[in-house]
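Inspection log for the structure reproduced underneath, given as structure tokens.
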Amino acid sequence: MTTAATAAAAVRVRAVRGRLWAAAAVTAVFILLFLVLNIQGDWKFALSRRLTVMGAVLLTALATGGATVIFQTLTHNRILTPGIIGLDSLYVLMQTAVVFVLGAASAAWTDALLHFVLSAGLLTLFAGSLYQGLFRTDKYNVYFILLIGLIAGTLFQSLASFLQMIIDPNEFLITQSRTFASFNNVRLHVLALAAGAVGLVALYVRPCLKYLDVLALGREHAVNLGVDYPRIVRRLWTAVILLTAVATALVGPLTFLGLLTVNIAHQFLGDYRHSTLLAGTVLAGVGMLSGGLLLVERVLAFSLPVSVIVNLAGGAYFLYLVLKESQK
Amino acid sequence: MPLDKRNAVQLTALAAVLLTLSFISLFVGVSSISPRDIFDLSPLQKQILSITRVPRLLSAVMAGASLAIAGTIMQQLTRNKFVSPTTAGTMDAARLGVLAGLIVFPGASLLQKTAVAFAFALAGTYVFIRIVERVKIKNTIFIPLVGLMFGNIVSSVTTSVAYRFDLLQSLATWLHGDFSMILRGRYEMLYVGVPLMAVAYVYADRFTIAGMGDSFAANLGLNYRRVVNVGLFIVAAVSSAVVLTVGSLPFLGLVVPNIVTIYRGDNVRKNLPHTALLGAALVVGCDVIGRIIIHPYEVSVGLIMGVLGSAVFLFLLLRGNARGARGGVGA
């Protein structure tokens with residue numbers, strides 16, 4: 001490499017790092033605003049509540065962002081998210097079914113910890129068995145598996161809507177509180193458990209992350225460059241499944257959060273390296289969620305759930321992506 | 001010719017199945033009317049037949065036939081066997097339209113509400129077709145994936161707005177495919193499907209050509225835009241009428257054309273009567289099943305179609321994958 005090229009690369013890396021710091025600063029301001037703005041009454045109580053909410057925000061941004069970055073690299077696609085395989089519909093169906101069958105007074109509904117473990121377990125089971133199909137055939141057809149997941153999602157939806165039709169309106173309102181993502185419902189001990197789970201997954205997947213840049217080149221190139229493709233990819237997929245399941249079980253469905261944040265990071269950083277991309281995505285997620293929460297709680301006075309804002313922004317962005325740059 | 005003969009035999013068989021199912025459908029229900037009473041009906045039985053049973057049957061036939069044909073049109077236009085109103089956002093857009101109608105014009109008549117839903121369905125399908133034209137990867141599986149993703153986004157908007165106005169459960173109830181609320185005076189809009197199916201028959205070959213792209217169509221002297229617009233119009237009109245009167249019938253437009261293709265090949269115009277009859281028979285059959293399994297209660301047709309439709313669709317997918325060749329001419 002010539003010295004000029006090296007110098008240019010160094011300048012580019014420095015520019016990306018600068019942008020990352022700028023993003024971190026903006027995110028920090030959002031977090032701070034969320035924590036201290038407009039506190040009335042007991043400081044200690046309010047702050048401890050808000051810190052729990054912020055913990056849930058950080059964890060969700062980390063899990064969803066990480067899962068989506070890995071997912072998009074594995075599928076070589078920037079407009080899909082891991083949630084589309086029907087995880088969200090399964091979650092909604094599960095909430096409705098629990099209330100319908102066991103009632104809103106049952107432990108599976110009222111005990112936050114049990115509820116979290118059950119939801120995460122069921123989601124992992126479903127996603128895991130679906131992705132097993134990826135490795136069983138030699139053809140490794142990702143889109144095919146995703147389509148099957150989507151069909152399953154539609155099936156879950158029709159089951160859920162049937163239950164919603166016959167369920168008692170009061171019980172429907174109870175389920176509705178959980179079928180929309182909410183950060184304020186998160187309990188501290190559940191958050192701790194989820195953080196532990198995410199931490200373990202992070203440790204498990206950490207050694208594989210450095211291969212993501214190579215995997216982005218495609219299977220043949222990666223194998224050529226000496227990557228143990230089946231082993232690494234399997235590990236990465238496992239991480240995607242677990243992270244998505246934990247995030248969904250913790251706060252509820254946020255289908256388009258990952259899509260939104262990864263693409264914002266792509267556009268803002270203009271960098272292909274996964275180390276910066278991951279950091280940028282998580283920052284974008286935290287910024288997006290805490291900004292959304294500020295908007296919902298301080299401006300809109302809780303009239304809309306935050307997931308609505310994320311979904312609207314994510315949806316509009318998706319259309320923009322598809323219509324603007326025709327897929328690579 | 002033997003081929004024509006086979007065609008006629010198959011059509012007759014389908015019609016016979018549909019007639020049998022229709023006959024059963026008229027005599028299944030909570031208040032018992034047996035076929036023996038048919039010449040000697042009490043006034044109550046007469047009322048039941050004319051107010052609920054016959055409208056219910058007619059709406060099932062009409063919804064099934066027209067939705068199956070709408071599915072065929074979309075598959076021809078996008079040249080993709082996995083596209084249908086369910087997998088292209090049409091149904092979701094129509095649902096958003098229903099909600100908009102509910103909120104903005106609460107006192108509107110059913111016809112006005114349909115007009116709003118129709119406008120939304122048309123816009124939604126149009127956006128999808130534009131997306132398909134833009135997307136460079138013409139992967140047969142990628143296209144419906146984009147369509148379903150698009151539909152998810154539209155329905156997340158619907159959910160958000162419905163949440164804001166506390167209409168979630170009413171919306172879910174109204175839009176869940178269900179014939180139990182069909183009464184005389186509340187289903188007639190479905191007749192819109194009849195002239196549209198005739199138009200579809202006339203245009204069948206043109207849809208096939210338009211599916212090959214605008215330059216190819218122009219080469220053969222076809223006005224590409226107009227043909228696509230006619231197709232979109234039919235699909236949107238049928239979908240919104242069905243969504244408003246019956247509710248969602250997932251996968252119907254997807255599964256029926258595929259089954260017909262399996263046993264008949266790909267001559268669209270000749271397939272259309274089969275598609276219509278099979279679609280109608282399927283919906284009437286599902287409705288009868290729904291009324292029988294937990295008699296005297298009902299399982300909604302939307303649920304039965306959802307279960308059956310996804311099973312059949314998965315079967316088609318796996319079968320196509322096993323053969324290595326997935327539907328659609330030259331993908």
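Each chain in the structure tokens gets a letter, A, B, ..., in the order shown, and its residues are numbered from 1; ligands are numbered from 1 in order too.
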May I have a table of the residues of chain A lying at most 8 Å from chain B, giving each one's closest pair of atoms and their distance in Å to one decimal, counting only C-alpha atoms, ordered by chain and ascending residue number, as a Markdown table?
```
| residue | atom | partner | partner_atom | distance |
| --- | --- | --- | --- | --- |
| A:Leu80 | CA | B:Met149 | CA | 8.0 |
| A:Ile84 | CA | B:Met149 | CA | 7.3 |
| A:Tyr143 | CA | B:Ile141 | CA | 6.2 |
| A:Phe144 | CA | B:Ile141 | CA | 6.5 |
| A:Leu146 | CA | B:Leu145 | CA | 7.8 |
| A:Leu147 | CA | B:Leu145 | CA | 6.3 |
| A:Ile148 | CA | B:Leu314 | CA | 6.8 |
| A:Leu150 | CA | B:Leu148 | CA | 7.6 |
| A:Ile151 | CA | B:Ser310 | CA | 6.2 |
| A:Ala152 | CA | B:Ser310 | CA | 7.2 |
| A:Thr154 | CA | B:Gly306 | CA | 7.5 |
| A:Leu155 | CA | B:Gly306 | CA | 5.5 |
| A:Ser158 | CA | B:Leu303 | CA | 5.6 |
| A:Leu159 | CA | B:Leu303 | CA | 6.1 |
| A:Ser161 | CA | B:Ala172 | CA | 6.0 |
| A:Phe162 | CA | B:Leu303 | CA | 6.4 |
| A:Gln164 | CA | B:Gln169 | CA | 6.8 |
| A:Met165 | CA | B:Thr173 | CA | 4.8 |
| A:Pro169 | CA | B:Gln169 | CA | 7.5 |
| A:Phe172 | CA | B:Gln169 | CA | 7.3 |
| A:Ser303 | CA | B:Arg164 | CA | 7.0 |
| A:Leu304 | CA | B:Arg164 | CA | 6.4 |
| A:Val308 | CA | B:Ser160 | CA | 5.5 |
| A:Asn311 | CA | B:Ser156 | CA | 6.6 |
| A:Leu312 | CA | B:Val157 | CA | 6.4 |
| A:Gly315 | CA | B:Ile153 | CA | 5.3 |
| A:Leu319 | CA | B:Phe150 | CA | 7.8 |
| A:Val322 | CA | B:Ile131 | CA | 6.8 |
| A:Leu323 | CA | B:Ile131 | CA | 6.3 |
| A:Ser326 | CA | B:Val135 | CA | 5.2 |
| A:Gln327 | CA | B:Val135 | CA | 5.6 |
| A:Lys328 | CA | B:Lys136 | CA | 7.1 |
```
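Counting only C-alpha atoms, range 119-131 of chain A has the following residues at most 6 Å away, ignoring those fewer than 5 positions along the same chain: Ala245, Val246 and Ala249 of chain A.
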Can I get the selected residues back with C-alpha atoms, as a compact mmCIF listing (two decimals), in the first residue's frame?
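Dumped to selection.txt:
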```txt
# COMPACT_ATOMS: atom_id res chain seq x y z
CA ALA A 245 -35.98 -13.69 22.17
CA VAL A 246 -34.64 -11.99 25.32
CA ALA A 249 -39.66 -11.15 26.20
```
- Give the helix (DSSP H, G or I) residues of range 31-221 of chain B, as assigned by DSSP on the backbone, as JSON, numbers by chain. {"B": [35, 36, 37, 38, 39, 43, 44, 45, 46, 47, 48, 49, 50, 51, 52, 53, 54, 55, 56, 57, 58, 59, 60, 61, 62, 63, 64, 65, 66, 67, 68, 69, 70, 71, 72, 73, 74, 75, 76, 77, 78, 86, 87, 88, 90, 91, 92, 93, 94, 95, 96, 97, 98, 99, 100, 101, 102, 103, 104, 110, 111, 112, 113, 114, 115, 116, 117, 118, 119, 120, 121, 122, 123, 124, 125, 126, 127, 128, 129, 130, 131, 132, 133, 134, 142, 143, 144, 145, 146, 147, 148, 149, 150, 151, 152, 153, 154, 155, 156, 157, 158, 159, 160, 161, 162, 163, 164, 168, 169, 170, 171, 172, 173, 174, 175, 188, 189, 190, 191, 192, 193, 194, 195, 196, 197, 198, 199, 200, 201, 202, 203, 204, 205, 206, 207, 208, 209, 210, 214, 215, 216, 217, 218, 219]}
- Task: Could you give me, as a ChimeraX atom specification, the residues within 12 Å of range 201-215 of chain A, counting only C-alpha atoms and dropping anything in the same chain fewer than 4 positions from it?
- Result: /A:59,62-63,66-67,69-76,194-197,219-246,271-278
Take the selection from the previous step and output its residues with C-alpha atoms, as a PDB file, in the first residue's frame.
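So part13.pdb came out as:
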```
ATOM      1  CA  LEU A  59     -30.259  -3.687  27.164  1.00  0.00           C
ATOM      2  CA  LEU A  62     -27.767  -3.697  22.743  1.00  0.00           C
ATOM      3  CA  ALA A  63     -29.638  -6.962  22.143  1.00  0.00           C
ATOM      4  CA  GLY A  66     -26.433  -6.683  17.930  1.00  0.00           C
ATOM      5  CA  ALA A  67     -28.913  -9.270  16.661  1.00  0.00           C
ATOM      6  CA  VAL A  69     -26.304  -6.334  12.632  1.00  0.00           C
ATOM      7  CA  ILE A  70     -25.354 -10.020  12.705  1.00  0.00           C
ATOM      8  CA  PHE A  71     -28.605 -11.036  11.019  1.00  0.00           C
ATOM      9  CA  GLN A  72     -28.204  -8.571   8.170  1.00  0.00           C
ATOM     10  CA  THR A  73     -24.628  -9.647   7.533  1.00  0.00           C
ATOM     11  CA  LEU A  74     -25.595 -13.324   7.555  1.00  0.00           C
ATOM     12  CA  THR A  75     -28.499 -12.762   5.165  1.00  0.00           C
ATOM     13  CA  HIS A  76     -26.616 -10.206   3.034  1.00  0.00           C
ATOM     14  CA  ALA A 194     -32.158 -10.455  31.183  1.00  0.00           C
ATOM     15  CA  ALA A 195     -28.879  -8.571  31.542  1.00  0.00           C
ATOM     16  CA  GLY A 196     -27.226 -11.764  32.736  1.00  0.00           C
ATOM     17  CA  ALA A 197     -28.581 -13.670  29.750  1.00  0.00           C
ATOM     18  CA  ARG A 219     -19.762 -17.706   1.807  1.00  0.00           C
ATOM     19  CA  GLU A 220     -17.235 -18.664  -0.894  1.00  0.00           C
ATOM     20  CA  HIS A 221     -14.843 -15.836  -0.086  1.00  0.00           C
ATOM     21  CA  ALA A 222     -15.104 -16.472   3.633  1.00  0.00           C
ATOM     22  CA  VAL A 223     -14.351 -20.177   3.221  1.00  0.00           C
ATOM     23  CA  ASN A 224     -11.479 -19.315   0.889  1.00  0.00           C
ATOM     24  CA  LEU A 225     -10.014 -16.991   3.476  1.00  0.00           C
ATOM     25  CA  GLY A 226      -9.936 -19.785   6.005  1.00  0.00           C
ATOM     26  CA  VAL A 227     -13.079 -19.154   8.070  1.00  0.00           C
ATOM     27  CA  ASP A 228     -14.592 -22.253   9.666  1.00  0.00           C
ATOM     28  CA  TYR A 229     -17.877 -21.269   8.062  1.00  0.00           C
ATOM     29  CA  PRO A 230     -20.457 -23.757   9.461  1.00  0.00           C
ATOM     30  CA  ARG A 231     -19.222 -23.449  13.055  1.00  0.00           C
ATOM     31  CA  ILE A 232     -18.966 -19.645  13.104  1.00  0.00           C
ATOM     32  CA  VAL A 233     -22.277 -19.134  11.339  1.00  0.00           C
ATOM     33  CA  ARG A 234     -24.102 -21.516  13.621  1.00  0.00           C
ATOM     34  CA  ARG A 235     -22.786 -19.672  16.652  1.00  0.00           C
ATOM     35  CA  LEU A 236     -23.800 -16.323  15.210  1.00  0.00           C
ATOM     36  CA  TRP A 237     -27.307 -17.556  14.399  1.00  0.00           C
ATOM     37  CA  THR A 238     -27.674 -18.873  17.938  1.00  0.00           C
ATOM     38  CA  ALA A 239     -26.764 -15.436  19.239  1.00  0.00           C
ATOM     39  CA  VAL A 240     -29.299 -13.770  16.919  1.00  0.00           C
ATOM     40  CA  ILE A 241     -32.075 -16.057  18.167  1.00  0.00           C
ATOM     41  CA  LEU A 242     -31.251 -15.684  21.853  1.00  0.00           C
ATOM     42  CA  LEU A 243     -30.807 -11.909  21.726  1.00  0.00           C
ATOM     43  CA  THR A 244     -34.062 -11.380  19.836  1.00  0.00           C
ATOM     44  CA  ALA A 245     -35.976 -13.688  22.170  1.00  0.00           C
ATOM     45  CA  VAL A 246     -34.640 -11.993  25.319  1.00  0.00           C
ATOM     46  CA  ASP A 271     -18.174   2.610   7.417  1.00  0.00           C
ATOM     47  CA  TYR A 272     -18.324  -1.065   6.581  1.00  0.00           C
ATOM     48  CA  ARG A 273     -16.350  -2.384   9.585  1.00  0.00           C
ATOM     49  CA  HIS A 274     -18.538  -4.259  12.024  1.00  0.00           C
ATOM     50  CA  SER A 275     -16.806  -3.040  15.165  1.00  0.00           C
ATOM     51  CA  THR A 276     -17.814   0.565  14.520  1.00  0.00           C
ATOM     52  CA  LEU A 277     -21.113  -0.507  12.998  1.00  0.00           C
ATOM     53  CA  LEU A 278     -22.086  -2.403  16.139  1.00  0.00           C
TER      54      LEU A 278
END
```
- Message: Give me the residues near Ser180 in chain B as number ranges by chain, where near means some atom within 9 Å (using only C-alpha atoms) and where sequence neighbours in that chain fewer than 5 positions away do not count.
- Response: B: 52, 56, 246, 298, 300
- Near range 103-110 of chain A, within 12 Å and counting only C-alpha atoms, which residues show up once chain neighbours fewer than 3 positions away are dropped, as an MDAnalysis selection string? chainID A and resid 94:100 113:119 167:168 170:178 185 187
Write the residues you've just listed into a file as a CSV table (one decimal), in the first residue's frame, and include C-alpha atoms for each of them.
```csv
chain,number,residue,atom,x,y,z
A,94,MET,CA,-48.9,-16.2,23.7
A,95,GLN,CA,-50.0,-13.2,25.8
A,96,THR,CA,-53.6,-13.5,24.5
A,97,ALA,CA,-53.6,-17.3,25.0
A,98,VAL,CA,-52.3,-17.1,28.6
A,99,VAL,CA,-55.0,-14.6,29.6
A,100,PHE,CA,-57.7,-16.5,27.7
A,113,LEU,CA,-40.1,-13.3,36.4
A,114,LEU,CA,-42.1,-16.4,35.4
A,115,HIS,CA,-43.7,-14.5,32.6
A,116,PHE,CA,-40.3,-13.5,31.2
A,117,VAL,CA,-38.8,-16.9,31.5
A,118,LEU,CA,-41.8,-18.5,29.8
A,119,SER,CA,-41.9,-16.0,27.0
A,167,ILE,CA,-62.1,-12.9,24.7
A,168,ASP,CA,-63.8,-10.7,27.3
A,170,ASN,CA,-61.8,-6.4,30.0
A,171,GLU,CA,-59.3,-9.2,29.6
A,172,PHE,CA,-58.5,-7.9,26.1
A,173,LEU,CA,-57.5,-4.6,27.7
A,174,ILE,CA,-55.3,-6.4,30.1
A,175,THR,CA,-53.5,-8.3,27.3
A,176,GLN,CA,-53.2,-5.1,25.3
A,177,SER,CA,-51.0,-3.7,28.0
A,178,ARG,CA,-48.4,-6.4,27.2
A,185,ASN,CA,-43.4,-2.3,33.1
A,187,ARG,CA,-39.1,-5.0,37.0
```
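CA of Ala241 in chain B lies 28.5 Å from CA of Ile262 in chain B.
Rounded to one decimal, CA of Thr64 in chain A and CA of Val286 in chain A lie 10.6 Å from each other.
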